[in-house]
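Structure below is my_file18.txt: compact mmCIF, N, CA and C atoms.
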```
# COMPACT_ATOMS: atom_id res chain seq x y z
N MET A 1 117.95 84.76 54.11
CA MET A 1 117.56 86.06 53.58
C MET A 1 118.11 86.25 52.17
N HIS A 2 119.36 85.84 51.96
CA HIS A 2 119.99 85.99 50.65
C HIS A 2 119.19 85.26 49.59
N GLU A 3 118.76 84.03 49.87
CA GLU A 3 117.98 83.26 48.91
C GLU A 3 116.66 83.95 48.59
N LEU A 4 116.04 84.56 49.59
CA LEU A 4 114.79 85.28 49.37
C LEU A 4 115.00 86.46 48.44
N LEU A 5 116.09 87.21 48.64
CA LEU A 5 116.37 88.35 47.77
C LEU A 5 116.64 87.90 46.33
N ILE A 6 117.35 86.80 46.17
CA ILE A 6 117.60 86.26 44.83
C ILE A 6 116.27 85.87 44.19
N LEU A 7 115.40 85.19 44.93
CA LEU A 7 114.10 84.78 44.42
C LEU A 7 113.26 85.99 44.04
N GLN A 8 113.25 87.01 44.86
CA GLN A 8 112.50 88.22 44.56
C GLN A 8 113.02 88.88 43.29
N TYR A 9 114.33 88.94 43.13
CA TYR A 9 114.87 89.56 41.92
C TYR A 9 114.57 88.71 40.69
N GLU A 10 114.56 87.41 40.83
CA GLU A 10 114.16 86.54 39.71
C GLU A 10 112.72 86.84 39.28
N ASN A 11 111.86 87.11 40.26
CA ASN A 11 110.48 87.49 39.95
C ASN A 11 110.42 88.83 39.22
N ILE A 12 111.24 89.76 39.64
CA ILE A 12 111.32 91.06 38.95
C ILE A 12 111.78 90.86 37.51
N LYS A 13 112.80 90.03 37.32
CA LYS A 13 113.30 89.75 35.98
C LYS A 13 112.21 89.10 35.12
N GLY A 14 111.41 88.23 35.72
CA GLY A 14 110.30 87.60 34.99
C GLY A 14 109.29 88.62 34.52
N ALA A 15 108.94 89.55 35.40
CA ALA A 15 108.00 90.61 35.02
C ALA A 15 108.60 91.50 33.93
N ARG A 16 109.88 91.80 34.05
CA ARG A 16 110.56 92.61 33.04
C ARG A 16 110.59 91.87 31.69
N HIS A 17 110.84 90.57 31.74
CA HIS A 17 110.84 89.77 30.51
C HIS A 17 109.47 89.85 29.82
N ALA A 18 108.41 89.76 30.60
CA ALA A 18 107.06 89.87 30.03
C ALA A 18 106.83 91.25 29.42
N LEU A 19 107.32 92.29 30.09
CA LEU A 19 107.20 93.65 29.57
C LEU A 19 107.97 93.80 28.26
N PHE A 20 109.21 93.29 28.23
CA PHE A 20 110.00 93.38 27.01
C PHE A 20 109.36 92.57 25.87
N ALA A 21 108.78 91.42 26.18
CA ALA A 21 108.09 90.63 25.16
C ALA A 21 106.93 91.42 24.57
N TYR A 22 106.21 92.13 25.43
CA TYR A 22 105.12 92.99 24.94
C TYR A 22 105.68 94.12 24.07
N CYS A 23 106.75 94.75 24.52
CA CYS A 23 107.34 95.87 23.78
C CYS A 23 107.89 95.44 22.43
N GLU A 24 108.31 94.19 22.30
CA GLU A 24 108.81 93.70 21.02
C GLU A 24 107.74 93.71 19.94
N HIS A 25 106.48 93.68 20.35
CA HIS A 25 105.38 93.71 19.39
C HIS A 25 104.92 95.13 19.07
N MET A 26 105.50 96.09 19.74
CA MET A 26 105.16 97.49 19.49
C MET A 26 106.00 98.02 18.33
N ASP A 27 105.47 98.99 17.66
CA ASP A 27 106.26 99.70 16.67
C ASP A 27 107.32 100.50 17.42
N ASN A 28 108.55 100.52 16.91
CA ASN A 28 109.65 101.20 17.58
C ASN A 28 109.32 102.66 17.87
N SER A 29 108.58 103.30 16.98
CA SER A 29 108.23 104.70 17.19
C SER A 29 107.34 104.88 18.41
N ASP A 30 106.52 103.88 18.72
CA ASP A 30 105.66 103.97 19.91
C ASP A 30 106.46 103.87 21.20
N LEU A 31 107.55 103.12 21.15
CA LEU A 31 108.40 102.97 22.32
C LEU A 31 109.08 104.30 22.67
N PHE A 32 109.26 105.14 21.67
CA PHE A 32 109.97 106.41 21.85
C PHE A 32 109.05 107.63 21.66
N LYS A 33 107.75 107.39 21.68
CA LYS A 33 106.78 108.48 21.52
C LYS A 33 106.46 109.10 22.87
N LYS A 34 106.44 110.42 22.92
CA LYS A 34 106.13 111.12 24.17
C LYS A 34 104.67 110.87 24.56
N VAL A 35 104.47 110.65 25.85
CA VAL A 35 103.13 110.38 26.39
C VAL A 35 102.80 111.50 27.37
N ALA A 36 101.75 112.23 27.06
CA ALA A 36 101.37 113.38 27.89
C ALA A 36 101.13 112.98 29.35
N ALA A 37 100.51 111.83 29.56
CA ALA A 37 100.20 111.37 30.91
C ALA A 37 101.46 111.04 31.72
N PHE A 38 102.57 110.87 31.03
CA PHE A 38 103.85 110.59 31.69
C PHE A 38 104.76 111.81 31.66
N ASN A 39 104.15 113.00 31.67
CA ASN A 39 104.91 114.25 31.67
C ASN A 39 105.78 114.37 30.41
N ASP A 40 105.22 113.94 29.29
CA ASP A 40 105.90 113.95 27.99
C ASP A 40 107.15 113.08 27.96
N SER A 41 107.23 112.10 28.84
CA SER A 41 108.30 111.11 28.77
C SER A 41 107.85 109.99 27.84
N THR A 42 108.78 109.13 27.50
CA THR A 42 108.47 107.99 26.65
C THR A 42 108.58 106.71 27.47
N ILE A 43 108.09 105.62 26.90
CA ILE A 43 108.24 104.32 27.57
C ILE A 43 109.72 104.03 27.78
N SER A 44 110.52 104.31 26.76
CA SER A 44 111.96 104.07 26.89
C SER A 44 112.58 104.95 27.98
N ASP A 45 112.11 106.18 28.11
CA ASP A 45 112.61 107.05 29.19
C ASP A 45 112.37 106.42 30.56
N LEU A 46 111.18 105.87 30.74
CA LEU A 46 110.84 105.27 32.04
C LEU A 46 111.69 104.02 32.30
N LEU A 47 111.92 103.22 31.27
CA LEU A 47 112.77 102.04 31.43
C LEU A 47 114.20 102.44 31.76
N LEU A 48 114.70 103.48 31.09
CA LEU A 48 116.06 103.94 31.37
C LEU A 48 116.17 104.56 32.75
N HIS A 49 115.15 105.29 33.17
CA HIS A 49 115.15 105.87 34.51
C HIS A 49 115.27 104.76 35.56
N ASN A 50 114.52 103.68 35.35
CA ASN A 50 114.57 102.56 36.28
C ASN A 50 115.97 101.93 36.30
N ALA A 51 116.56 101.73 35.12
CA ALA A 51 117.91 101.17 35.05
C ALA A 51 118.92 102.11 35.72
N ASN A 52 118.76 103.41 35.49
CA ASN A 52 119.67 104.38 36.11
C ASN A 52 119.54 104.38 37.63
N THR A 53 118.37 104.07 38.14
CA THR A 53 118.17 103.97 39.58
C THR A 53 118.97 102.79 40.15
N TYR A 54 118.92 101.66 39.46
CA TYR A 54 119.76 100.52 39.86
C TYR A 54 121.24 100.92 39.84
N ILE A 55 121.65 101.61 38.78
CA ILE A 55 123.04 102.03 38.66
C ILE A 55 123.42 102.94 39.83
N SER A 56 122.57 103.92 40.12
CA SER A 56 122.87 104.87 41.18
C SER A 56 122.98 104.20 42.54
N TRP A 57 121.95 103.45 42.93
CA TRP A 57 121.90 102.92 44.28
C TRP A 57 122.77 101.68 44.48
N LEU A 58 122.73 100.74 43.56
CA LEU A 58 123.45 99.50 43.79
C LEU A 58 124.90 99.56 43.32
N GLU A 59 125.10 99.95 42.06
CA GLU A 59 126.46 99.94 41.52
C GLU A 59 127.30 101.08 42.09
N ASN A 60 126.82 102.31 41.94
CA ASN A 60 127.65 103.45 42.32
C ASN A 60 127.69 103.69 43.84
N PHE A 61 126.55 103.62 44.50
CA PHE A 61 126.52 103.85 45.95
C PHE A 61 126.88 102.59 46.73
N GLY A 62 126.20 101.49 46.43
CA GLY A 62 126.40 100.27 47.20
C GLY A 62 127.73 99.58 46.95
N LEU A 63 128.16 99.56 45.69
CA LEU A 63 129.39 98.85 45.34
C LEU A 63 130.57 99.79 45.08
N GLY A 64 130.33 101.09 45.20
CA GLY A 64 131.40 102.06 45.01
C GLY A 64 131.84 102.24 43.58
N GLY A 65 130.97 101.91 42.64
CA GLY A 65 131.31 102.04 41.22
C GLY A 65 131.20 103.47 40.73
N THR A 66 131.47 103.65 39.47
CA THR A 66 131.41 104.99 38.86
C THR A 66 130.73 104.94 37.49
N LEU A 67 129.77 104.05 37.33
CA LEU A 67 129.10 103.96 36.04
C LEU A 67 128.31 105.23 35.74
N PRO A 68 128.39 105.74 34.53
CA PRO A 68 127.57 106.90 34.16
C PRO A 68 126.13 106.46 33.90
N PHE A 69 125.23 107.41 33.98
CA PHE A 69 123.84 107.13 33.66
C PHE A 69 123.66 107.07 32.15
N HIS A 70 122.64 106.35 31.75
CA HIS A 70 122.28 106.26 30.34
C HIS A 70 121.36 107.43 30.01
N GLU A 71 121.68 108.12 28.95
CA GLU A 71 120.88 109.27 28.50
C GLU A 71 119.75 108.80 27.59
N ASN A 72 118.59 109.40 27.77
CA ASN A 72 117.42 109.00 27.00
C ASN A 72 117.66 109.08 25.49
N GLY A 73 118.28 110.13 25.02
CA GLY A 73 118.48 110.31 23.59
C GLY A 73 119.51 109.38 22.98
N ASP A 74 120.32 108.72 23.81
CA ASP A 74 121.37 107.84 23.30
C ASP A 74 120.87 106.46 22.93
N VAL A 75 119.70 106.09 23.38
CA VAL A 75 119.15 104.76 23.13
C VAL A 75 118.09 104.86 22.05
N LYS A 76 118.23 104.03 21.02
CA LYS A 76 117.34 104.13 19.85
C LYS A 76 116.52 102.88 19.60
N GLU A 77 116.82 101.78 20.29
CA GLU A 77 116.11 100.52 20.05
C GLU A 77 115.91 99.74 21.35
N LEU A 78 114.89 98.90 21.35
CA LEU A 78 114.60 98.07 22.50
C LEU A 78 115.77 97.15 22.84
N LYS A 79 116.46 96.64 21.83
CA LYS A 79 117.58 95.74 22.11
C LYS A 79 118.67 96.42 22.93
N GLU A 80 118.83 97.73 22.76
CA GLU A 80 119.80 98.47 23.57
C GLU A 80 119.35 98.53 25.03
N ILE A 81 118.06 98.74 25.24
CA ILE A 81 117.51 98.78 26.60
C ILE A 81 117.70 97.41 27.26
N LYS A 82 117.45 96.36 26.51
CA LYS A 82 117.61 95.01 27.05
C LYS A 82 119.07 94.75 27.43
N MET A 83 120.00 95.24 26.65
CA MET A 83 121.42 95.07 26.96
C MET A 83 121.79 95.82 28.24
N ILE A 84 121.19 96.99 28.44
CA ILE A 84 121.44 97.75 29.66
C ILE A 84 120.96 96.94 30.87
N TYR A 85 119.80 96.32 30.75
CA TYR A 85 119.28 95.53 31.86
C TYR A 85 120.09 94.25 32.09
N GLU A 86 120.74 93.73 31.08
CA GLU A 86 121.65 92.60 31.29
C GLU A 86 122.81 93.04 32.18
N GLN A 87 123.29 94.25 31.95
CA GLN A 87 124.35 94.82 32.78
C GLN A 87 123.83 95.04 34.20
N VAL A 88 122.62 95.57 34.31
CA VAL A 88 122.00 95.78 35.62
C VAL A 88 121.91 94.47 36.39
N ASP A 89 121.49 93.41 35.71
CA ASP A 89 121.39 92.10 36.37
C ASP A 89 122.72 91.67 36.97
N LEU A 90 123.81 91.93 36.26
CA LEU A 90 125.13 91.51 36.75
C LEU A 90 125.48 92.19 38.08
N PHE A 91 125.28 93.51 38.15
CA PHE A 91 125.66 94.12 39.41
C PHE A 91 124.61 93.97 40.50
N VAL A 92 123.36 93.66 40.15
CA VAL A 92 122.38 93.31 41.20
C VAL A 92 122.85 92.04 41.90
N TYR A 93 123.25 91.04 41.10
CA TYR A 93 123.71 89.79 41.71
C TYR A 93 125.01 89.99 42.48
N GLU A 94 125.88 90.85 41.96
CA GLU A 94 127.11 91.14 42.71
C GLU A 94 126.77 91.81 44.03
N PHE A 95 125.83 92.75 44.03
CA PHE A 95 125.41 93.43 45.25
C PHE A 95 124.79 92.45 46.25
N LEU A 96 123.94 91.58 45.73
CA LEU A 96 123.27 90.61 46.62
C LEU A 96 124.27 89.61 47.17
```
Encoding of this model in structure tokens:
Amino acid sequence: MHELLILQYENIKGARHALFAYCEHMDNSDLFKKVAAFNDSTISDLLLHNANTYISWLENFGLGGTLPFHENGDVKELKEIKMIYEQVDLFVYEFL
């Protein structure tokens, strides 16, 4: 079961890598532009929400950590989002 979970997370990371590769070709302002269809959230807001979900459930609840959530306004570039997900990867593997 453990190997299956690792494999599934590797697939998630692959999809995320493809998404980040696409986002690298976007203008930075588009990454942080409000989208009406997303309740005036931005692409970066959605990515941070997903990372914060990992933090909440795996790091803070599952592993007993106390990491704070990342605030939408604190992140200004895609490279910062990618660094957050590198941190997420570390505690996902620790949890698994």
Quiz item: So which residues fall inside 7 Å of (119.3, 93.4, 45.1) if we count only N, CA and C atoms? Mind giving them as an MDAnalysis selection string?
Solution: chainID A and resid 5:6 9 92:93 95:96
With 8 Å as the cut-off and only C-alpha atoms counted, what is the closest atom pair between each nearby residue of region 7-49 of chain A and region 55-79 of chain A? Distances in Å to one decimal, ordered by chain and number, as a tab-separated table.
```
residue	atom	partner	partner_atom	distance
A:Phe20	CA	A:Leu78	CA	8.0
A:Cys23	CA	A:Leu78	CA	7.7
A:Glu24	CA	A:Leu78	CA	7.4
A:Asn28	CA	A:Glu77	CA	6.9
A:Leu31	CA	A:Leu78	CA	7.9
A:Phe32	CA	A:Lys76	CA	8.0
A:Ser44	CA	A:Asn72	CA	7.4
A:Asp45	CA	A:Asn72	CA	5.6
A:Leu48	CA	A:His70	CA	6.7
```
Quiz item: Using only C-alpha atoms, which residue out of A:His49, A:His25, A:Lys33, A:Lys13 lies closest to Leu90 (chain A)?
Solution: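 Smallest distance to Leu90 (chain A) is found for A:Lys13.
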